[in-house]
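Q: To be precise about what I am sending: the file is called data_37.txt and holds compact mmCIF, C-alpha atoms and all ligand atoms.
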# COMPACT_ATOMS: atom_id res chain seq x y z
CA MET A 70 112.36 86.73 67.98
CA LYS A 71 116.06 85.89 68.01
CA ILE A 72 117.30 83.41 70.63
CA ILE A 73 120.95 83.70 71.70
CA SER A 74 122.77 81.69 74.36
CA ASN A 75 126.34 82.91 73.98
CA PRO A 76 127.13 86.16 75.87
CA LEU A 77 129.81 87.29 73.39
CA GLU A 78 127.51 86.62 70.43
CA LEU A 79 124.82 88.76 72.08
CA LYS A 80 127.33 91.55 72.80
CA GLU A 81 128.53 91.42 69.19
CA TYR A 82 124.95 91.43 67.90
CA LEU A 83 124.08 94.54 69.94
CA LYS A 84 127.41 96.32 69.32
CA GLU A 85 126.38 98.38 66.32
CA ASN A 86 122.96 99.03 67.80
CA LYS A 87 122.00 102.71 68.03
CA LYS A 88 118.53 102.04 69.40
CA THR A 89 117.29 102.20 72.98
CA VAL A 90 117.30 98.78 74.68
CA GLY A 91 114.90 97.70 77.44
CA PHE A 92 116.14 94.69 79.39
CA VAL A 93 114.09 92.30 81.53
CA PRO A 94 116.27 89.81 83.48
CA THR A 95 114.32 86.75 84.69
CA MET A 96 114.81 83.20 85.93
CA GLY A 97 112.01 81.91 83.68
CA ALA A 98 108.67 80.27 84.59
CA LEU A 99 107.24 83.53 83.25
CA HIS A 100 103.91 84.86 84.50
CA GLU A 101 101.79 88.03 84.19
CA GLY A 102 104.23 89.88 86.44
CA HIS A 103 107.05 89.30 83.94
CA ILE A 104 104.73 90.21 81.07
CA SER A 105 104.02 93.56 82.70
CA LEU A 106 107.80 94.20 82.83
CA ILE A 107 108.13 93.23 79.15
CA ASN A 108 105.18 95.45 78.16
CA ARG A 109 106.65 98.44 79.95
CA ALA A 110 110.05 97.76 78.35
CA SER A 111 108.34 97.67 74.91
CA GLU A 112 106.56 100.96 75.55
CA GLU A 113 109.74 102.76 76.54
CA ASN A 114 112.41 101.27 74.22
CA GLU A 115 113.00 100.38 70.59
CA ILE A 116 114.44 96.90 71.34
CA VAL A 117 113.43 94.51 74.14
CA VAL A 118 115.83 91.87 75.47
CA VAL A 119 114.69 89.25 78.00
CA SER A 120 117.12 86.90 79.73
CA ILE A 121 116.16 83.55 81.23
CA PHE A 122 118.86 82.25 83.54
CA VAL A 123 118.40 80.36 86.81
CA ASN A 124 121.38 81.86 88.56
CA PRO A 125 123.07 79.22 90.76
CA THR A 126 125.05 81.71 92.86
CA GLN A 127 121.96 83.26 94.43
CA PHE A 128 120.73 79.92 95.82
CA LEU A 129 122.08 78.74 99.17
CA GLU A 130 122.96 75.13 99.96
CA GLY A 131 119.74 73.13 100.37
CA GLU A 132 117.54 75.67 98.54
CA ASP A 133 115.38 74.93 95.48
CA LEU A 134 117.98 75.39 92.69
CA ASP A 135 117.51 71.84 91.38
CA LYS A 136 113.75 71.98 91.37
CA TYR A 137 113.31 75.64 90.34
CA PRO A 138 110.41 75.61 87.84
CA SER A 139 111.53 75.37 84.22
CA ARG A 140 109.07 76.11 81.40
CA GLU A 141 111.38 76.56 78.43
CA GLU A 142 108.91 76.11 75.57
CA ALA A 143 106.08 78.02 77.27
CA ASP A 144 108.49 80.85 78.16
CA LYS A 145 109.69 81.12 74.55
CA LYS A 146 106.06 81.37 73.35
CA ILE A 147 105.24 84.01 75.98
CA CYS A 148 108.25 86.10 74.95
CA SER A 149 107.52 85.80 71.25
CA PHE A 150 103.84 86.67 71.80
CA ALA A 151 104.80 89.66 73.97
CA GLY A 152 106.97 91.05 71.15
CA VAL A 153 110.40 90.39 72.68
CA ASP A 154 113.15 91.02 70.10
CA ILE A 155 115.96 88.99 71.68
CA LEU A 156 115.74 86.14 74.19
CA PHE A 157 119.04 85.52 75.95
CA PHE A 158 119.08 81.92 77.21
CA PRO A 159 122.57 81.10 78.50
CA ASN A 160 123.80 77.99 80.33
CA ALA A 161 125.61 78.24 83.67
CA ASP A 162 129.00 77.75 81.99
CA ASP A 163 128.27 80.57 79.52
CA ILE A 164 128.05 82.90 82.52
CA TYR A 165 130.43 81.44 85.14
CA THR A 166 133.91 79.94 85.14
CA SER A 167 135.60 78.10 88.02
CA ASP A 168 137.63 81.02 89.39
CA GLU A 169 135.41 84.04 89.48
CA VAL A 170 135.59 87.76 90.16
CA THR A 171 132.45 88.37 92.23
CA LEU A 172 130.54 91.23 93.76
CA GLN A 173 129.95 91.41 97.50
CA ALA A 174 126.55 92.71 98.65
CA PRO A 175 126.87 95.60 101.12
CA ASN A 176 127.55 94.33 104.66
CA VAL A 177 124.55 96.06 106.19
CA ARG A 178 121.79 96.36 103.59
CA GLY A 179 122.67 93.05 101.96
CA TYR A 180 122.46 91.09 105.22
CA VAL A 181 119.16 92.24 106.71
CA LEU A 182 115.63 91.00 105.91
CA GLU A 183 115.94 88.32 103.21
CA GLY A 184 119.73 88.66 103.38
CA LEU A 185 119.71 87.69 107.06
CA SER A 186 118.01 84.34 106.48
CA ARG A 187 119.78 83.84 103.12
CA PRO A 188 123.35 85.11 103.75
CA GLY A 189 125.18 85.56 100.45
CA HIS A 190 121.99 85.49 98.36
CA PHE A 191 122.31 89.14 97.36
CA SER A 192 126.00 88.82 96.45
CA GLY A 193 124.87 86.19 93.91
CA VAL A 194 122.05 88.43 92.66
CA LEU A 195 124.30 91.48 92.26
CA THR A 196 127.04 89.47 90.55
CA VAL A 197 124.69 88.02 87.95
CA VAL A 198 122.80 91.28 87.38
CA MET A 199 126.13 93.07 86.85
CA LYS A 200 127.21 90.40 84.33
CA LEU A 201 123.86 90.54 82.50
CA LEU A 202 123.88 94.35 82.38
CA ASN A 203 127.43 94.28 81.00
CA ILE A 204 126.42 91.77 78.31
CA VAL A 205 123.25 93.60 77.21
CA SER A 206 124.28 97.25 77.91
CA PRO A 207 120.63 98.29 78.12
CA THR A 208 119.27 101.81 78.28
CA ARG A 209 116.81 100.70 80.96
CA ALA A 210 116.39 97.51 83.03
CA TYR A 211 113.07 96.46 84.57
CA PHE A 212 112.52 94.73 87.92
CA GLY A 213 109.38 93.88 89.93
CA LYS A 214 108.70 95.84 93.13
CA LYS A 215 107.74 92.59 94.90
CA ASP A 216 111.47 91.99 95.38
CA ALA A 217 111.90 95.35 97.09
CA GLN A 218 115.24 94.61 98.74
CA GLN A 219 116.62 93.24 95.47
CA ILE A 220 115.70 96.45 93.60
CA ASN A 221 117.03 98.60 96.40
CA LEU A 222 120.41 96.82 96.24
CA ILE A 223 120.54 96.87 92.43
CA MET A 224 119.88 100.63 92.47
CA LEU A 225 122.62 101.03 95.07
CA MET A 226 125.02 99.00 92.90
CA VAL A 227 124.22 101.11 89.82
CA LYS A 228 124.79 104.31 91.80
CA GLN A 229 127.91 103.23 93.69
CA LEU A 230 129.59 101.63 90.66
CA PHE A 231 128.68 104.63 88.45
CA MET A 232 126.82 102.47 85.94
CA SER A 233 124.77 104.25 83.29
CA VAL A 234 121.66 102.05 83.07
CA GLU A 235 118.30 103.34 84.37
CA ILE A 236 116.62 100.87 86.77
CA VAL A 237 112.82 100.91 86.43
CA PRO A 238 110.75 99.37 89.27
CA ILE A 239 107.37 97.97 88.19
CA ASP A 240 104.30 97.44 90.39
CA THR A 241 103.57 93.98 91.77
CA VAL A 242 100.93 92.03 89.83
CA ARG A 243 98.43 90.11 91.99
CA GLU A 244 95.86 87.39 91.56
CA SER A 245 92.27 88.63 92.03
CA ASP A 246 92.37 87.40 95.66
CA GLY A 247 95.50 89.43 96.46
CA LEU A 248 98.27 86.81 96.16
CA ALA A 249 101.37 88.44 94.65
CA LEU A 250 102.48 86.60 91.51
CA SER A 251 105.72 84.63 91.86
CA SER A 252 107.25 81.76 89.91
CA ARG A 253 107.43 79.90 93.23
CA ASN A 254 103.61 79.99 93.65
CA ILE A 255 103.67 76.80 91.55
CA TYR A 256 104.97 74.98 94.66
CA LEU A 257 101.85 75.82 96.71
CA ASN A 258 99.19 73.15 97.17
CA LYS A 259 95.57 74.23 97.70
CA TYR A 260 95.91 74.53 101.46
CA ASP A 261 99.26 76.37 101.37
CA ARG A 262 97.92 78.77 98.75
CA GLU A 263 94.92 79.57 100.98
CA GLU A 264 97.25 80.15 103.92
CA ALA A 265 99.53 82.32 101.74
CA LEU A 266 96.66 84.82 101.32
CA LYS A 267 97.39 85.85 104.92
CA ILE A 268 100.44 87.68 103.59
CA SER A 269 98.52 90.18 101.44
CA ALA A 270 95.79 90.26 104.13
CA SER A 271 98.40 91.37 106.67
CA LEU A 272 99.44 94.21 104.33
CA HIS A 273 95.79 95.28 104.14
CA VAL A 274 95.66 95.30 107.94
CA CYS A 275 98.66 97.63 107.88
CA SER A 276 97.22 100.03 105.30
CA ARG A 277 93.85 100.14 107.14
CA MET A 278 95.61 101.00 110.41
CA VAL A 279 97.64 103.71 108.70
CA SER A 280 94.46 105.14 107.12
CA ARG A 281 93.05 105.37 110.71
CA ASN A 282 96.21 107.29 111.64
CA ILE A 283 97.72 104.44 113.69
CA LEU A 284 101.37 104.98 112.82
CA ASP A 285 103.26 103.14 115.59
CA SER A 286 105.34 100.44 113.88
CA CYS A 287 105.25 97.98 116.83
CA GLU A 288 101.46 98.18 117.09
CA ILE A 289 101.06 97.66 113.34
CA ILE A 290 103.57 94.80 113.21
CA ASP A 291 101.84 93.02 116.15
CA SER A 292 98.49 93.15 114.32
CA MET A 293 100.09 91.95 111.12
CA ARG A 294 101.73 89.02 112.91
CA GLU A 295 98.31 88.05 114.35
CA THR A 296 96.90 88.02 110.81
CA LEU A 297 99.85 85.96 109.56
CA TYR A 298 99.47 83.27 112.26
CA PRO A 299 100.19 80.30 111.92
CA LEU A 300 102.53 80.95 108.96
CA GLU A 301 106.24 80.85 109.75
CA VAL A 302 107.15 84.53 109.62
CA ILE A 303 110.72 85.34 108.59
CA TYR A 304 110.23 89.09 109.07
CA VAL A 305 107.72 91.90 109.13
CA GLU A 306 109.41 95.29 109.00
CA ILE A 307 108.49 98.92 108.42
CA LEU A 308 111.36 100.82 106.82
CA ASN A 309 112.07 104.11 105.09
CA ARG A 310 113.30 104.56 101.51
CA ASP A 311 116.86 103.92 102.66
CA PHE A 312 115.76 100.66 104.28
CA GLU A 313 116.25 101.98 107.83
CA LYS A 314 113.82 100.87 110.56
CA LEU A 315 111.08 103.34 111.44
CA GLU A 316 109.40 103.57 114.85
CA GLN A 317 106.54 105.52 113.26
CA VAL A 318 105.23 105.21 109.72
CA GLU A 319 106.19 108.27 107.67
CA ILE A 320 103.46 108.51 105.06
CA GLY A 321 105.02 108.80 101.60
CA ASN A 322 108.38 107.48 102.81
CA SER A 323 107.67 104.03 104.27
CA ILE A 324 107.55 100.47 103.04
CA VAL A 325 106.16 97.50 104.96
CA LEU A 326 107.75 94.19 103.99
CA VAL A 327 106.75 90.64 104.84
CA GLU A 328 108.47 87.34 104.23
CA ALA A 329 106.75 84.16 105.39
CA ILE A 330 106.81 80.46 104.60
CA SER A 331 103.65 78.68 103.50
CA GLY A 332 104.15 74.93 103.35
CA GLU A 333 107.79 74.93 102.31
CA THR A 334 107.64 77.98 100.09
CA ARG A 335 109.17 81.34 100.99
CA LEU A 336 106.94 84.18 99.87
CA LEU A 337 107.65 87.90 99.80
CA ASP A 338 105.32 90.86 99.60
CA ASN A 339 105.34 94.55 100.44
CA ILE A 340 103.47 97.81 99.98
CA TRP A 341 104.56 101.42 100.10
CA LEU A 342 102.69 103.55 102.63
O1 LIG A 401 114.33 88.40 90.37
C1 LIG A 401 114.88 87.51 89.68
O2 LIG A 401 114.22 86.81 88.90
C2 LIG A 401 116.36 87.25 89.84
O3 LIG A 401 116.79 87.51 91.14
C3 LIG A 401 117.22 88.03 88.82
C4 LIG A 401 117.08 89.54 89.01
C5 LIG A 401 116.82 87.66 87.40
C6 LIG A 401 118.69 87.68 89.00
O4 LIG A 401 118.92 86.32 88.84
So that I can check it, write out the structure of this file as structure tokens.

A:
Amino acid sequence: MKIISNPLELKEYLKENKKTVGFVPTMGALHEGHISLINRASEENEIVVVSIFVNPTQFLEGEDLDKYPSREEADKKICSFAGVDILFFPNADDIYTSDEVTLQAPNVRGYVLEGLSRPGHFSGVLTVVMKLLNIVSPTRAYFGKKDAQQINLIMLMVKQLFMSVEIVPIDTVRESDGLALSSRNIYLNKYDREEALKISASLHVCSRMVSRNILDSCEIIDSMRETLYPLEVIYVEILNRDFEKLEQVEIGNSIVLVEAISGETRLLDNIWL
């Protein structure tokens, strides 16, 4: 596995490449969820590039940028073991200068749900993803479905800016008790982790109600909020593919999304209905 930190060196290295490239952008602290992205990228492409970059512009003032989990050596081993060809490991000043051209997340879709409680977060995500895609020029890029709003916005960016990469969403990987894998799960103590299970439990409540043909969004969301109690709920929403609110679940065209805080850790989860 080749490790490169300089964006121009990576671009130069890939310039003559005629092979298909699968790209997995990450912020490190890799887990089984990332490995499933890497595996899918390996199945579908001749070369796999993984980036590890804790992107400062997607963290708001007071968020966990300074304590975001860093597992450099373990991450390198995971990538090498998983058959990654190139690990891109830049520093902040390899990616950003002091006077930057930036992308602005869309005013509506970028400022609802997670974007409402973290205004500007998605502008930072889109800016860095755009930079990374321009550096790697992949055939396909792989993202986890757990971050449903993030994927939705990245797909919108690719479409609206006429970019030629294919964005591939990959199913959420869960612990055996239902907890969706996330690098931030490391922050959870035993009690908070137990409480966090209410998030996937609330999604089960939703899918059971839908299977009994209860389709009214308010009724479903009320039951989910009861299951989530006493977690601090940031949102529970039922939306269509275009991320518009639905009064009634439309089977095959609906997603239910939850964000809640357990202890001090924000956790996201969702399922398609
Ligand atoms: O999902 C993540 O890990 C990050 O938001 C991403 C896509 C790597 C951009 O920093």

Q: Which one of A:Val118, A:Ile289, A:Val274, A:Met96 sits closest to Ser206 (chain A) if you count only C-alpha atoms?

A: A:Val118

Q: Residues at most 9 Å from ligand LIG 401 (chain A), using all atoms listed in the file? Could they come as a VMD selection string?

A: chain A and resid 93 to 97 120 to 127 191 193 to 198 201 212 to 213 216 219 to 220 223 252

Q: Neighbouring residues of Gly184 (chain A) were defined as those with any atom within 12 Å, considering all atoms listed in the file; residues of the same chain fewer than 5 positions away were excluded. Please report them as an MDAnalysis selection string.

A: chainID A and resid 127:129 174:179 189:194 216 218:219 222 303:304 328

Q: Just to confirm, what's the straight-line distance from CA of Lys80 (chain A) to CA of Met226 (chain A) in Å (one decimal)?

A: 21.6 Å

Q: So how many Å separate CA of Ala210 (chain A) and CA of Val242 (chain A), to one decimal?

A: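 These atoms are spaced 17.8 Å apart.
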